[in-house]
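Participant: Dropping in start.csv, which is CSV, C-alpha atoms:
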chain,number,residue,atom,x,y,z
A,1,MET,CA,-216.5,-54.3,77.5
A,2,SER,CA,-218.2,-52.5,74.7
A,3,ARG,CA,-216.4,-50.9,71.8
A,4,LEU,CA,-217.6,-47.5,73.0
A,5,SER,CA,-216.3,-47.8,76.5
A,6,SER,CA,-212.8,-49.3,76.0
A,7,PRO,CA,-210.7,-48.0,73.1
A,8,LEU,CA,-211.4,-44.3,73.6
A,9,GLY,CA,-212.3,-44.3,77.3
A,10,VAL,CA,-210.6,-41.1,78.2
A,11,ILE,CA,-212.0,-39.0,75.3
A,12,PRO,CA,-214.4,-36.5,76.8
A,13,SER,CA,-217.8,-35.5,75.5
A,14,GLN,CA,-217.8,-32.6,73.0
A,15,GLY,CA,-220.6,-30.8,74.7
A,16,PHE,CA,-220.2,-27.2,75.9
A,17,SER,CA,-220.5,-28.1,79.5
A,18,SER,CA,-217.5,-30.4,79.6
A,19,GLU,CA,-215.2,-29.2,76.9
A,20,LEU,CA,-215.7,-25.4,76.9
A,21,GLY,CA,-216.7,-24.8,80.4
A,22,ALA,CA,-217.0,-21.3,81.8
A,23,PRO,CA,-214.3,-18.6,81.4
A,24,SER,CA,-211.6,-19.3,84.0
A,25,GLY,CA,-211.5,-15.7,85.2
A,26,GLY,CA,-212.0,-12.2,83.7
A,27,SER,CA,-214.1,-11.3,80.8
A,28,VAL,CA,-213.1,-11.8,77.2
A,29,ALA,CA,-212.7,-8.0,76.9
A,30,GLU,CA,-210.3,-8.0,79.8
A,31,SER,CA,-208.3,-11.0,78.7
A,32,SER,CA,-208.1,-10.3,75.0
A,33,GLY,CA,-206.4,-6.9,75.2
A,34,GLU,CA,-208.5,-5.8,72.2
A,35,PRO,CA,-209.6,-2.1,72.2
A,36,LEU,CA,-213.2,-1.3,73.0
A,37,ASN,CA,-215.5,0.5,70.7
A,38,ALA,CA,-215.7,4.0,72.0
A,39,ALA,CA,-219.3,4.5,71.2
A,40,THR,CA,-220.7,1.2,72.7
A,41,GLY,CA,-218.0,0.3,75.2
A,42,ARG,CA,-218.0,-3.2,73.6
A,43,GLN,CA,-215.4,-5.0,71.5
A,44,ALA,CA,-215.8,-4.8,67.7
A,45,PRO,CA,-217.7,-7.8,66.3
A,46,VAL,CA,-215.8,-10.7,64.8
A,47,PRO,CA,-215.4,-9.9,61.0
A,48,HIS,CA,-217.2,-12.2,58.6
A,49,ASP,CA,-215.1,-11.7,55.5
A,50,ASN,CA,-212.0,-13.5,56.7
A,51,PRO,CA,-211.9,-17.3,56.4
A,52,PHE,CA,-209.4,-17.6,59.3
A,53,LEU,CA,-209.9,-16.3,62.9
A,54,THR,CA,-207.2,-15.3,65.4
A,55,VAL,CA,-207.1,-16.4,69.0
A,56,GLN,CA,-208.7,-13.1,70.0
A,57,GLU,CA,-211.5,-13.4,67.5
A,58,VAL,CA,-212.3,-17.0,68.5
A,59,ALA,CA,-212.3,-15.9,72.2
A,60,ARG,CA,-214.9,-13.1,71.4
A,61,LEU,CA,-217.0,-15.5,69.3
A,62,LEU,CA,-217.2,-18.1,72.1
A,63,HIS,CA,-217.2,-15.7,75.0
A,64,LEU,CA,-214.1,-17.4,76.5
A,65,ASN,CA,-210.8,-16.1,77.6
A,66,GLU,CA,-207.8,-16.5,75.4
A,67,LYS,CA,-206.0,-18.9,77.7
A,68,LYS,CA,-208.9,-21.3,77.2
A,69,ILE,CA,-208.7,-21.0,73.4
A,70,TYR,CA,-204.9,-21.7,73.5
A,71,GLN,CA,-205.6,-24.8,75.6
A,72,LEU,CA,-208.3,-26.0,73.2
A,73,ALA,CA,-206.1,-25.5,70.2
A,74,SER,CA,-203.0,-27.1,71.8
A,75,ASP,CA,-205.0,-30.1,73.0
A,76,GLY,CA,-206.4,-30.6,69.5
A,77,THR,CA,-209.9,-30.2,70.7
A,78,MET,CA,-210.7,-27.2,68.5
A,79,PRO,CA,-209.8,-27.2,64.8
A,80,ALA,CA,-206.7,-25.0,64.4
A,81,THR,CA,-203.4,-24.7,62.6
A,82,LYS,CA,-200.1,-23.0,63.4
A,83,VAL,CA,-198.6,-20.7,60.8
A,84,THR,CA,-195.1,-19.3,61.7
A,85,GLY,CA,-195.9,-19.8,65.4
A,86,LYS,CA,-199.3,-18.2,65.3
A,87,TRP,CA,-202.6,-20.1,65.9
A,88,LEU,CA,-205.2,-19.6,63.1
A,89,PHE,CA,-208.7,-21.1,63.2
A,90,PRO,CA,-210.6,-21.9,59.9
A,91,ARG,CA,-213.9,-20.1,60.5
A,92,ARG,CA,-216.1,-22.7,58.8
A,93,LEU,CA,-214.5,-25.6,60.8
A,94,VAL,CA,-215.0,-23.6,64.1
A,95,GLU,CA,-218.6,-23.0,63.3
A,96,GLN,CA,-219.1,-26.7,62.4
A,97,TRP,CA,-217.3,-27.7,65.6
A,98,ILE,CA,-219.7,-25.5,67.6
A,99,LEU,CA,-222.7,-27.2,65.9
A,100,GLU,CA,-221.3,-30.6,66.5
A,101,SER,CA,-220.7,-29.8,70.2
A,102,SER,CA,-224.3,-28.8,70.6
A,103,HIS,CA,-226.6,-31.6,71.6
A,104,HIS,CA,-224.0,-34.2,70.6
A,105,GLY,CA,-224.1,-33.0,67.0
A,106,VAL,CA,-227.0,-31.7,64.9
A,107,LEU,CA,-225.9,-33.9,61.9
A,108,ALA,CA,-225.9,-37.2,63.8
A,109,ASP,CA,-228.6,-38.6,61.5
A,110,ARG,CA,-226.2,-38.9,58.6
A,111,LEU,CA,-222.8,-40.3,57.9
A,112,MET,CA,-220.9,-39.0,54.9
A,113,ILE,CA,-218.1,-41.4,53.7
A,114,THR,CA,-215.4,-40.4,51.3
A,115,GLY,CA,-211.9,-41.6,50.3
A,116,SER,CA,-211.1,-44.9,48.8
A,117,ASP,CA,-213.4,-47.1,46.8
A,118,ASP,CA,-214.5,-50.5,48.2
A,119,PRO,CA,-217.3,-52.8,47.1
A,120,LEU,CA,-217.9,-54.1,50.7
A,121,LEU,CA,-218.2,-50.6,52.1
A,122,ALA,CA,-220.6,-49.5,49.3
A,123,ALA,CA,-222.7,-52.6,49.7
A,124,LEU,CA,-222.8,-52.1,53.5
A,125,SER,CA,-223.9,-48.5,53.1
A,126,MET,CA,-226.8,-49.6,50.8
A,127,ARG,CA,-228.0,-52.2,53.3
A,128,LEU,CA,-227.9,-49.9,56.3
A,129,ASN,CA,-229.8,-47.2,54.4
A,130,GLN,CA,-232.6,-49.7,53.8
A,131,GLN,CA,-232.6,-50.8,57.4
A,132,HIS,CA,-232.9,-47.2,58.6
A,133,ALA,CA,-235.8,-46.7,56.2
A,134,GLY,CA,-235.3,-42.9,55.8
A,135,SER,CA,-234.7,-42.1,59.5
A,136,SER,CA,-231.0,-41.6,58.8
A,137,PHE,CA,-228.6,-41.7,55.8
A,138,TYR,CA,-225.2,-43.2,54.8
A,139,GLY,CA,-223.7,-41.3,51.9
A,140,MET,CA,-220.6,-42.4,50.0
A,141,SER,CA,-218.5,-40.5,47.4
A,142,VAL,CA,-215.3,-42.1,46.1
A,143,THR,CA,-212.4,-39.6,45.8
A,144,GLY,CA,-209.3,-41.6,46.5
A,145,THR,CA,-207.3,-41.6,49.7
A,146,ARG,CA,-205.5,-38.2,49.6
A,147,LEU,CA,-208.5,-36.2,48.4
A,148,GLY,CA,-210.7,-37.9,51.0
A,149,LEU,CA,-208.4,-36.9,53.8
A,150,ASP,CA,-208.4,-33.3,52.4
A,151,LEU,CA,-212.2,-33.3,52.6
A,152,LEU,CA,-212.2,-34.8,56.1
A,153,SER,CA,-209.7,-32.1,57.2
A,154,GLN,CA,-212.0,-29.4,55.7
A,155,GLY,CA,-215.0,-30.8,57.6
A,156,ARG,CA,-216.8,-31.8,54.4
A,157,ALA,CA,-217.0,-35.5,55.3
A,158,ASP,CA,-217.4,-37.6,58.4
A,159,VAL,CA,-215.4,-40.7,57.5
A,160,CYS,CA,-212.5,-41.2,55.1
A,161,ALA,CA,-211.5,-44.7,53.9
A,162,ILE,CA,-207.8,-45.1,53.2
A,163,HIS,CA,-205.3,-47.7,52.0
A,164,TRP,CA,-201.6,-46.8,51.3
A,165,GLY,CA,-199.5,-49.9,50.8
A,166,ARG,CA,-199.0,-53.4,52.2
A,167,ALA,CA,-200.8,-54.4,55.4
A,168,GLU,CA,-197.5,-55.0,57.2
A,169,GLU,CA,-196.5,-51.4,56.6
A,170,ALA,CA,-199.8,-49.8,57.4
A,171,ALA,CA,-199.0,-49.1,61.0
A,172,LEU,CA,-196.4,-46.6,59.9
A,173,ARG,CA,-197.7,-45.5,56.5
A,174,HIS,CA,-201.2,-44.6,57.4
A,175,PRO,CA,-200.4,-42.4,60.4
A,176,ALA,CA,-197.6,-40.6,58.4
A,177,LEU,CA,-200.1,-39.8,55.7
A,178,ILE,CA,-202.8,-38.6,58.2
A,179,ARG,CA,-200.4,-36.3,60.0
A,180,GLY,CA,-200.0,-34.2,56.9
A,181,HIS,CA,-203.6,-32.8,57.4
A,182,ASP,CA,-204.9,-30.1,59.7
A,183,GLY,CA,-207.0,-31.4,62.5
A,184,TYR,CA,-205.5,-34.9,62.6
A,185,ARG,CA,-205.1,-34.7,66.4
A,186,GLN,CA,-208.9,-34.9,66.6
A,187,TRP,CA,-209.0,-38.1,64.5
A,188,VAL,CA,-208.8,-41.8,65.2
A,189,MET,CA,-208.2,-44.7,62.7
A,190,VAL,CA,-210.3,-47.9,62.8
A,191,ARG,CA,-209.6,-51.1,60.9
A,192,LEU,CA,-212.4,-52.1,58.6
A,193,ALA,CA,-210.7,-55.1,57.0
A,194,ARG,CA,-207.7,-56.5,55.3
A,195,ARG,CA,-208.3,-57.0,51.6
A,196,THR,CA,-206.5,-58.5,48.6
A,197,GLN,CA,-205.0,-56.0,46.2
A,198,GLY,CA,-203.6,-56.7,42.8
A,199,LEU,CA,-204.4,-56.4,39.1
A,200,ILE,CA,-207.8,-56.8,37.4
A,201,ILE,CA,-207.4,-58.6,34.1
A,202,ARG,CA,-209.6,-60.0,31.3
A,203,ASN,CA,-210.8,-63.6,31.7
A,204,ASP,CA,-208.8,-64.5,28.6
A,205,ASP,CA,-205.6,-63.5,30.4
A,206,ARG,CA,-206.1,-65.6,33.6
A,207,HIS,CA,-202.9,-67.5,32.8
A,208,LEU,CA,-200.9,-64.3,33.5
A,209,SER,CA,-201.6,-64.7,37.2
A,210,ILE,CA,-198.7,-67.1,37.2
A,211,ASP,CA,-196.3,-64.8,35.2
A,212,PRO,CA,-197.5,-61.2,35.2
A,213,SER,CA,-194.5,-60.0,33.2
A,214,GLY,CA,-196.7,-60.6,30.1
A,215,LEU,CA,-198.7,-57.6,31.1
A,216,PHE,CA,-195.8,-55.2,30.2
A,217,GLY,CA,-196.0,-55.7,26.5
A,218,SER,CA,-197.0,-52.7,24.4
A,219,GLN,CA,-200.1,-54.5,23.2
A,220,ARG,CA,-201.5,-54.6,26.8
A,221,ARG,CA,-203.9,-51.6,27.3
A,222,TRP,CA,-203.8,-50.2,30.8
A,223,ALA,CA,-206.2,-48.2,32.9
A,224,VAL,CA,-204.4,-46.5,35.8
A,225,ARG,CA,-205.8,-44.5,38.8
A,226,GLN,CA,-205.5,-40.8,39.5
A,227,GLU,CA,-202.7,-39.5,41.6
A,228,GLY,CA,-203.5,-39.6,45.3
A,229,ALA,CA,-205.4,-42.9,45.0
A,230,GLY,CA,-204.2,-45.8,47.1
A,231,SER,CA,-204.4,-48.1,44.1
A,232,GLN,CA,-202.2,-45.8,42.1
A,233,ARG,CA,-199.6,-45.8,44.9
A,234,PHE,CA,-199.8,-49.6,44.9
A,235,LEU,CA,-199.3,-49.8,41.1
A,236,GLN,CA,-196.3,-47.5,41.2
A,237,GLU,CA,-194.6,-49.6,43.9
A,238,TRP,CA,-195.4,-52.9,42.1
A,239,LEU,CA,-194.0,-51.6,38.9
A,240,SER,CA,-190.9,-50.3,40.7
A,241,GLY,CA,-190.3,-53.9,41.9
A,242,HIS,CA,-190.3,-55.0,38.3
A,243,GLN,CA,-187.9,-52.1,37.3
A,244,MET,CA,-190.7,-50.4,35.5
A,245,ARG,CA,-192.4,-47.0,35.7
A,246,ALA,CA,-196.0,-46.0,35.1
A,247,GLU,CA,-194.9,-43.9,32.1
A,248,GLN,CA,-193.7,-47.0,30.3
A,249,LEU,CA,-197.2,-48.6,30.3
A,250,ASN,CA,-199.5,-48.4,27.3
A,251,THR,CA,-202.1,-46.3,29.3
A,252,LEU,CA,-205.4,-45.7,27.6
A,253,ALA,CA,-207.5,-44.4,30.5
A,254,ILE,CA,-207.5,-42.9,34.0
A,255,ALA,CA,-210.2,-44.5,36.2
A,256,TYR,CA,-211.4,-42.8,39.3
A,257,SER,CA,-212.4,-45.9,41.3
A,258,GLU,CA,-211.5,-49.5,41.4
A,259,ARG,CA,-214.9,-50.5,40.1
A,260,GLU,CA,-214.4,-48.1,37.2
A,261,VAL,CA,-211.2,-50.0,36.4
A,262,ALA,CA,-213.2,-53.2,36.5
A,263,SER,CA,-215.9,-51.8,34.3
A,264,MET,CA,-213.4,-50.7,31.7
A,265,VAL,CA,-211.9,-54.1,31.6
A,266,ALA,CA,-215.3,-55.8,31.4
A,267,ARG,CA,-216.3,-53.5,28.5
A,268,GLY,CA,-213.1,-54.3,26.6
A,269,GLU,CA,-211.8,-50.8,26.6
A,270,VAL,CA,-208.6,-51.9,28.5
A,271,ASP,CA,-206.9,-55.1,29.4
A,272,VAL,CA,-205.6,-54.5,32.9
A,273,GLY,CA,-205.6,-52.1,35.8
A,274,PRO,CA,-205.0,-52.0,39.6
A,275,GLY,CA,-207.8,-52.9,42.0
A,276,THR,CA,-209.0,-55.4,44.5
A,277,LEU,CA,-210.1,-59.0,44.2
A,278,SER,CA,-213.6,-58.0,45.3
A,279,ALA,CA,-213.9,-55.4,42.4
A,280,ALA,CA,-212.7,-58.1,39.9
A,281,ASN,CA,-215.2,-60.6,41.3
A,282,GLU,CA,-218.1,-58.1,41.0
A,283,PHE,CA,-217.6,-58.0,37.2
A,284,GLY,CA,-216.6,-61.7,36.8
A,285,LEU,CA,-213.0,-60.9,35.7
A,286,GLY,CA,-209.6,-62.4,36.2
A,287,PHE,CA,-207.3,-61.2,38.9
A,288,VAL,CA,-203.5,-61.3,39.7
A,289,PRO,CA,-203.1,-61.2,43.5
A,290,VAL,CA,-200.1,-59.1,44.6
A,291,CYS,CA,-200.5,-58.3,48.3
A,292,GLU,CA,-202.8,-57.9,51.3
A,293,GLU,CA,-203.5,-54.4,52.4
A,294,ALA,CA,-205.1,-52.7,55.4
A,295,PHE,CA,-208.3,-50.9,54.6
A,296,ASP,CA,-208.9,-48.4,57.4
A,297,LEU,CA,-211.5,-45.7,58.3
A,298,VAL,CA,-210.3,-42.3,59.6
A,299,VAL,CA,-212.9,-40.5,61.7
A,300,PRO,CA,-213.0,-37.5,64.1
A,301,ARG,CA,-213.3,-38.6,67.7
A,302,ASN,CA,-216.9,-37.4,68.1
A,303,VAL,CA,-218.0,-39.2,64.9
A,304,TYR,CA,-216.5,-42.4,66.2
A,305,PHE,CA,-219.2,-42.5,68.9
A,306,ARG,CA,-222.1,-41.9,66.6
A,307,ASP,CA,-224.6,-44.7,66.4
A,308,LEU,CA,-224.4,-44.7,62.6
A,309,PHE,CA,-220.6,-45.3,62.6
A,310,GLN,CA,-220.8,-47.9,65.3
A,311,GLY,CA,-223.7,-49.6,63.4
A,312,LEU,CA,-221.5,-49.9,60.3
A,313,LEU,CA,-218.9,-51.8,62.3
A,314,ASP,CA,-221.5,-53.8,64.1
A,315,TYR,CA,-223.1,-55.0,60.9
A,316,LEU,CA,-219.9,-56.7,59.8
A,317,ALA,CA,-219.9,-58.8,62.9
A,318,THR,CA,-223.4,-60.2,62.1
A,319,PRO,CA,-223.9,-63.4,60.0
A,320,ASN,CA,-225.3,-61.2,57.2
A,321,GLY,CA,-222.2,-58.9,57.2
A,322,ILE,CA,-219.8,-61.9,57.3
A,323,GLN,CA,-221.6,-63.5,54.4
A,324,LEU,CA,-221.6,-60.3,52.4
A,325,ALA,CA,-217.8,-60.1,52.8
A,326,GLN,CA,-217.3,-63.7,51.9
A,327,SER,CA,-219.5,-63.4,48.8
A,328,LEU,CA,-217.5,-60.5,47.5
A,329,GLY,CA,-214.2,-62.2,48.2
A,330,GLY,CA,-210.8,-61.0,49.3
A,331,TYR,CA,-211.6,-59.8,52.8
A,332,ASP,CA,-210.3,-60.7,56.2
A,333,LEU,CA,-212.6,-59.3,58.9
A,334,ARG,CA,-210.7,-60.6,62.0
A,335,GLU,CA,-209.4,-57.0,62.9
A,336,CYS,CA,-212.7,-55.3,62.0
A,337,GLY,CA,-213.5,-52.5,64.5
A,338,GLN,CA,-210.1,-52.4,66.1
A,339,LEU,CA,-208.9,-49.0,67.1
A,340,ILE,CA,-205.5,-48.8,65.3
A,341,TRP,CA,-204.4,-45.2,66.0
A,342,ARG,CA,-205.3,-42.1,67.9
A,343,GLY,CA,-204.2,-38.6,66.8
A,344,ASP,CA,-204.3,-37.3,70.4
A,345,ALA,CA,-201.9,-40.0,71.5
A,346,ALA,CA,-199.5,-39.5,68.6
A,347,GLN,CA,-196.1,-38.0,69.1
A,348,HIS,CA,-196.3,-34.4,67.8
A,349,ASP,CA,-193.5,-32.3,66.3
Please express what this file holds, its structure, as structure tokens.

Facilitator:
Amino acid sequence: MSRLSSPLGVIPSQGFSSELGAPSGGSVAESSGEPLNAATGRQAPVPHDNPFLTVQEVARLLHLNEKKIYQLASDGTMPATKVTGKWLFPRRLVEQWILESSHHGVLADRLMITGSDDPLLAALSMRLNQQHAGSSFYGMSVTGTRLGLDLLSQGRADVCAIHWGRAEEAALRHPALIRGHDGYRQWVMVRLARRTQGLIIRNDDRHLSIDPSGLFGSQRRWAVRQEGAGSQRFLQEWLSGHQMRAEQLNTLAIAYSEREVASMVARGEVDVGPGTLSAANEFGLGFVPVCEEAFDLVVPRNVYFRDLFQGLLDYLATPNGIQLAQSLGGYDLRECGQLIWRGDAAQHD
């Protein structure tokens, strides 16, 4: 059975004919209870200066009755949030949802990836762009896990790469992190790989892989990551295990990607920083392995079915994709493509 048909088999199409349907009885004017304009006999147009829409305003915008809007919001089909018991709909996300619902998405020729840094994902995007030769586009902007999820929630990205702790804890940690964002019930989480996380160090310090306590001295210059990055979360937990805090390190720089950490070490600006084995290998640096982590991709359900997203997963199953991961080092692809979590199947508060 193909990847498309089995994991999300019950997820319906986002097209108007199946999701929105026709109003289930009565006109919008009749069902909304909104007053009619005395001059025209019609309801007032939906205001354009408010970033949030009410149920009544969305009903007028889509020419549906309010009962259908409540259903779409409750099912997680339409982007919405509840504030003190009242449904509100971010205007920009509703408008994007309409566009995505039309003809299976007008932006299906591009895939915008954000979130956590990863050498394999970056190399994969470059190769797929060359394969498509301008007919479609993979874009990648590294932001860190938390900011990436914020951008996904706002509809500014199609895919968010995340990592938030050890692989054995990812089944609890990743969904808990995701549920803090509006629209999560429309999302699914797919495993890209397991990867080796640790500390990137200078070649001259390779002996510290046996006893990393030598990294705590005041003479060791550290680069750390920004708050909200998965690697910074890893560093804080690793330091806690050694009865240390990040504030006790001799921190000289904040890096905004794992490869920026590696670049700083390679240039001699710092001696050590958090990152993956693959990032250290890219720059020919030493590495202290600490743990294996799950590196997952969070995507809206309709994006999951896009050819570009499926092509990304498919490439890693080819000999070229497997060789690419092996050459970078520190990846385990045995779970690649597995559907790990579904927002619509999660237990909701």

Participant: May I have a table of the residues of stretch 291-346 of chain A lying at most 8 Å from stretch 147-165 of chain A, giving each one's closest pair of atoms and their distance in Å to one decimal, counting all atoms listed in the file, ordered by chain and ascending residue number, as a tab-separated table?

Facilitator:
residue	atom	partner	partner_atom	distance
A:Glu293	CA	A:Gly165	CA	6.2
A:Ala294	CA	A:His163	CA	6.0
A:Phe295	CA	A:His163	CA	5.1
A:Asp296	CA	A:Ile162	CA	5.5
A:Leu297	CA	A:Ala161	CA	4.5
A:Val298	CA	A:Cys160	CA	5.1
A:Val299	CA	A:Val159	CA	4.9
A:Pro300	CA	A:Asp158	CA	7.2
A:Val303	CA	A:Asp158	CA	6.7

Participant: Could you tell me which of A:Leu312, A:Tyr331, A:Thr54, A:Arg146 comes closest to A:Glu66 if we count all atoms listed in the file?

Facilitator: A:Thr54

Participant: When you count only C-alpha atoms, which of these residues is closest to A:Arg194: A:Ile178, A:Ala170, A:Val94, A:Val55?

Facilitator: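 Closest candidate: A:Ala170.
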
Participant: Could you tell me which of A:Ser263, A:Trp222, A:Gly268, A:Cys291 comes closest to A:Ala246 if we count all atoms listed in the file?

Facilitator: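 Of all the options, A:Trp222 lies closest to A:Ala246.
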
Participant: Would you compute the distance between atom CA of A:Glu260 and atom CA of A:Met140? Give it in Å to one decimal.

Facilitator: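 Interatomic distance here is 15.3 Å.
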
Participant: What is the distance between atom CA of A:Leu199 and atom CA of A:Pro274, in Å to one decimal?

Facilitator: 4.5 Å

Participant: Nearest residue to A:Arg267 out of A:Arg233, A:Arg60, A:Lys67, A:Arg202, using all atoms listed in the file?

Facilitator: A:Arg202

Participant: Counting only C-alpha atoms, which residue out of A:Glu237, A:Arg259, A:Glu168, A:Val265 sits closest to A:Asp204?

Facilitator: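 Of A:Glu237, A:Arg259, A:Glu168, A:Val265, the one nearest A:Asp204, counting only C-alpha atoms, is A:Val265.
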
Participant: State, in Å with one decimal place, the distance from atom CA of A:Glu169 to atom CA of A:Glu292.

Facilitator: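 Here the two named atoms are 10.5 Å from each other.
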
Participant: Rank nothing, just name the residue among A:Val290, A:Gly180, A:Asn203, A:Glu282 nearest to A:Gly241, using all atoms listed in the file.

Facilitator: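 Looking at the shortest contact to A:Gly241, the residue is A:Val290.
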
Participant: Please provide the set of residues having any atom within 6 Å of A:Arg221, restricted to all atoms listed in the file, with same-chain residues fewer than 3 positions apart removed, written as a JSON list (two decimals) with C-alpha atoms, in the coordinates of the input.

Facilitator:
[["chain", "number", "residue", "atom", "x", "y", "z"],
["A", 250, "ASN", "CA", -199.50, -48.40, 27.30],
["A", 251, "THR", "CA", -202.10, -46.30, 29.30],
["A", 270, "VAL", "CA", -208.60, -51.90, 28.50],
["A", 271, "ASP", "CA", -206.90, -55.10, 29.40]]

Participant: Can you tell me which residues surround A:Val83 at a distance of at most 12 Å, considering only C-alpha atoms, apart from same-chain residues fewer than 4 positions away, and format the answer as number ranges by chain?

Facilitator: A: 52, 54, 87-89, 182

Participant: Do you have, as CSV, the list of residues of stretch 212-282 of chain A lying at most 10 Å from stretch 118-125 of chain A, each with its nearest atom pair and that distance in Å to one decimal, counting only C-alpha atoms and ordered by chain then number?

Facilitator:
residue,atom,partner,partner_atom,distance
A:Ser257,CA,A:Asp118,CA,8.6
A:Glu258,CA,A:Asp118,CA,7.5
A:Arg259,CA,A:Pro119,CA,7.7
A:Gly275,CA,A:Asp118,CA,9.4
A:Thr276,CA,A:Asp118,CA,8.2
A:Leu277,CA,A:Pro119,CA,9.9
A:Ser278,CA,A:Pro119,CA,6.6
A:Ala279,CA,A:Pro119,CA,6.4
A:Asn281,CA,A:Pro119,CA,9.9
A:Glu282,CA,A:Pro119,CA,8.1

Participant: Using the selection just defined, write its residues with C-alpha atoms as a short mmCIF file (atom, residue, chain, number, x, y, z; two decimals), in the frame of the given file.

Facilitator:
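Produced file out.cif, reproduced below:
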data_model
loop_
_atom_site.label_atom_id
_atom_site.label_comp_id
_atom_site.auth_asym_id
_atom_site.auth_seq_id
_atom_site.Cartn_x
_atom_site.Cartn_y
_atom_site.Cartn_z
CA SER A 257 -212.40 -45.90 41.30
CA GLU A 258 -211.50 -49.50 41.40
CA ARG A 259 -214.90 -50.50 40.10
CA GLY A 275 -207.80 -52.90 42.00
CA THR A 276 -209.00 -55.40 44.50
CA LEU A 277 -210.10 -59.00 44.20
CA SER A 278 -213.60 -58.00 45.30
CA ALA A 279 -213.90 -55.40 42.40
CA ASN A 281 -215.20 -60.60 41.30
CA GLU A 282 -218.10 -58.10 41.00
#

Participant: At most 12 Å from (-204.3, -64.9, 31.6), file frame, only C-alpha atoms: which residues, as number ranges by chain?

Facilitator: A: 199-215, 220, 271-272, 285-288

Participant: Find the residues near A:Gln236: any atom within 12 Å, counting all atoms listed in the file, skip ones fewer than 5 places away on the same chain, and give them as a PDB file with C-alpha atoms, in the frame of the given file.

Facilitator:
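out09.pdb written:
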ATOM      1  CA  TRP A 164    -201.600 -46.800  51.300  1.00  0.00           C
ATOM      2  CA  GLY A 165    -199.500 -49.900  50.800  1.00  0.00           C
ATOM      3  CA  GLY A 198    -203.600 -56.700  42.800  1.00  0.00           C
ATOM      4  CA  VAL A 224    -204.400 -46.500  35.800  1.00  0.00           C
ATOM      5  CA  ARG A 225    -205.800 -44.500  38.800  1.00  0.00           C
ATOM      6  CA  GLN A 226    -205.500 -40.800  39.500  1.00  0.00           C
ATOM      7  CA  GLU A 227    -202.700 -39.500  41.600  1.00  0.00           C
ATOM      8  CA  GLY A 228    -203.500 -39.600  45.300  1.00  0.00           C
ATOM      9  CA  ALA A 229    -205.400 -42.900  45.000  1.00  0.00           C
ATOM     10  CA  GLY A 230    -204.200 -45.800  47.100  1.00  0.00           C
ATOM     11  CA  SER A 231    -204.400 -48.100  44.100  1.00  0.00           C
ATOM     12  CA  GLY A 241    -190.300 -53.900  41.900  1.00  0.00           C
ATOM     13  CA  HIS A 242    -190.300 -55.000  38.300  1.00  0.00           C
ATOM     14  CA  GLN A 243    -187.900 -52.100  37.300  1.00  0.00           C
ATOM     15  CA  MET A 244    -190.700 -50.400  35.500  1.00  0.00           C
ATOM     16  CA  ARG A 245    -192.400 -47.000  35.700  1.00  0.00           C
ATOM     17  CA  ALA A 246    -196.000 -46.000  35.100  1.00  0.00           C
ATOM     18  CA  GLU A 247    -194.900 -43.900  32.100  1.00  0.00           C
ATOM     19  CA  GLN A 248    -193.700 -47.000  30.300  1.00  0.00           C
ATOM     20  CA  LEU A 249    -197.200 -48.600  30.300  1.00  0.00           C
ATOM     21  CA  GLY A 273    -205.600 -52.100  35.800  1.00  0.00           C
ATOM     22  CA  PRO A 274    -205.000 -52.000  39.600  1.00  0.00           C
TER      23      PRO A 274
END

Participant: Using the file's own x, y and z axes, so that the box edges lie along x, y and z, what centre and edge lengths in Å (one decimal) does a box around every listed atom of stretch 320-333 of chain A get when 5 Å is added on each side? Give it as lines of an AutoDock Vina configuration file.

Facilitator:
center_x = -217.8
center_y = -61.3
center_z = 53.2
size_x = 25.0
size_y = 14.8
size_z = 21.4

Participant: When you look at A:Phe137 with a cut-off of 10 Å (counting all atoms listed in the file), what residues show up, excluding the ones that are within fewer than 6 positions of it in the same chain? I need them as a PyMOL selection string.

Facilitator: chain A and resi 108-112+125-126+128-130+308
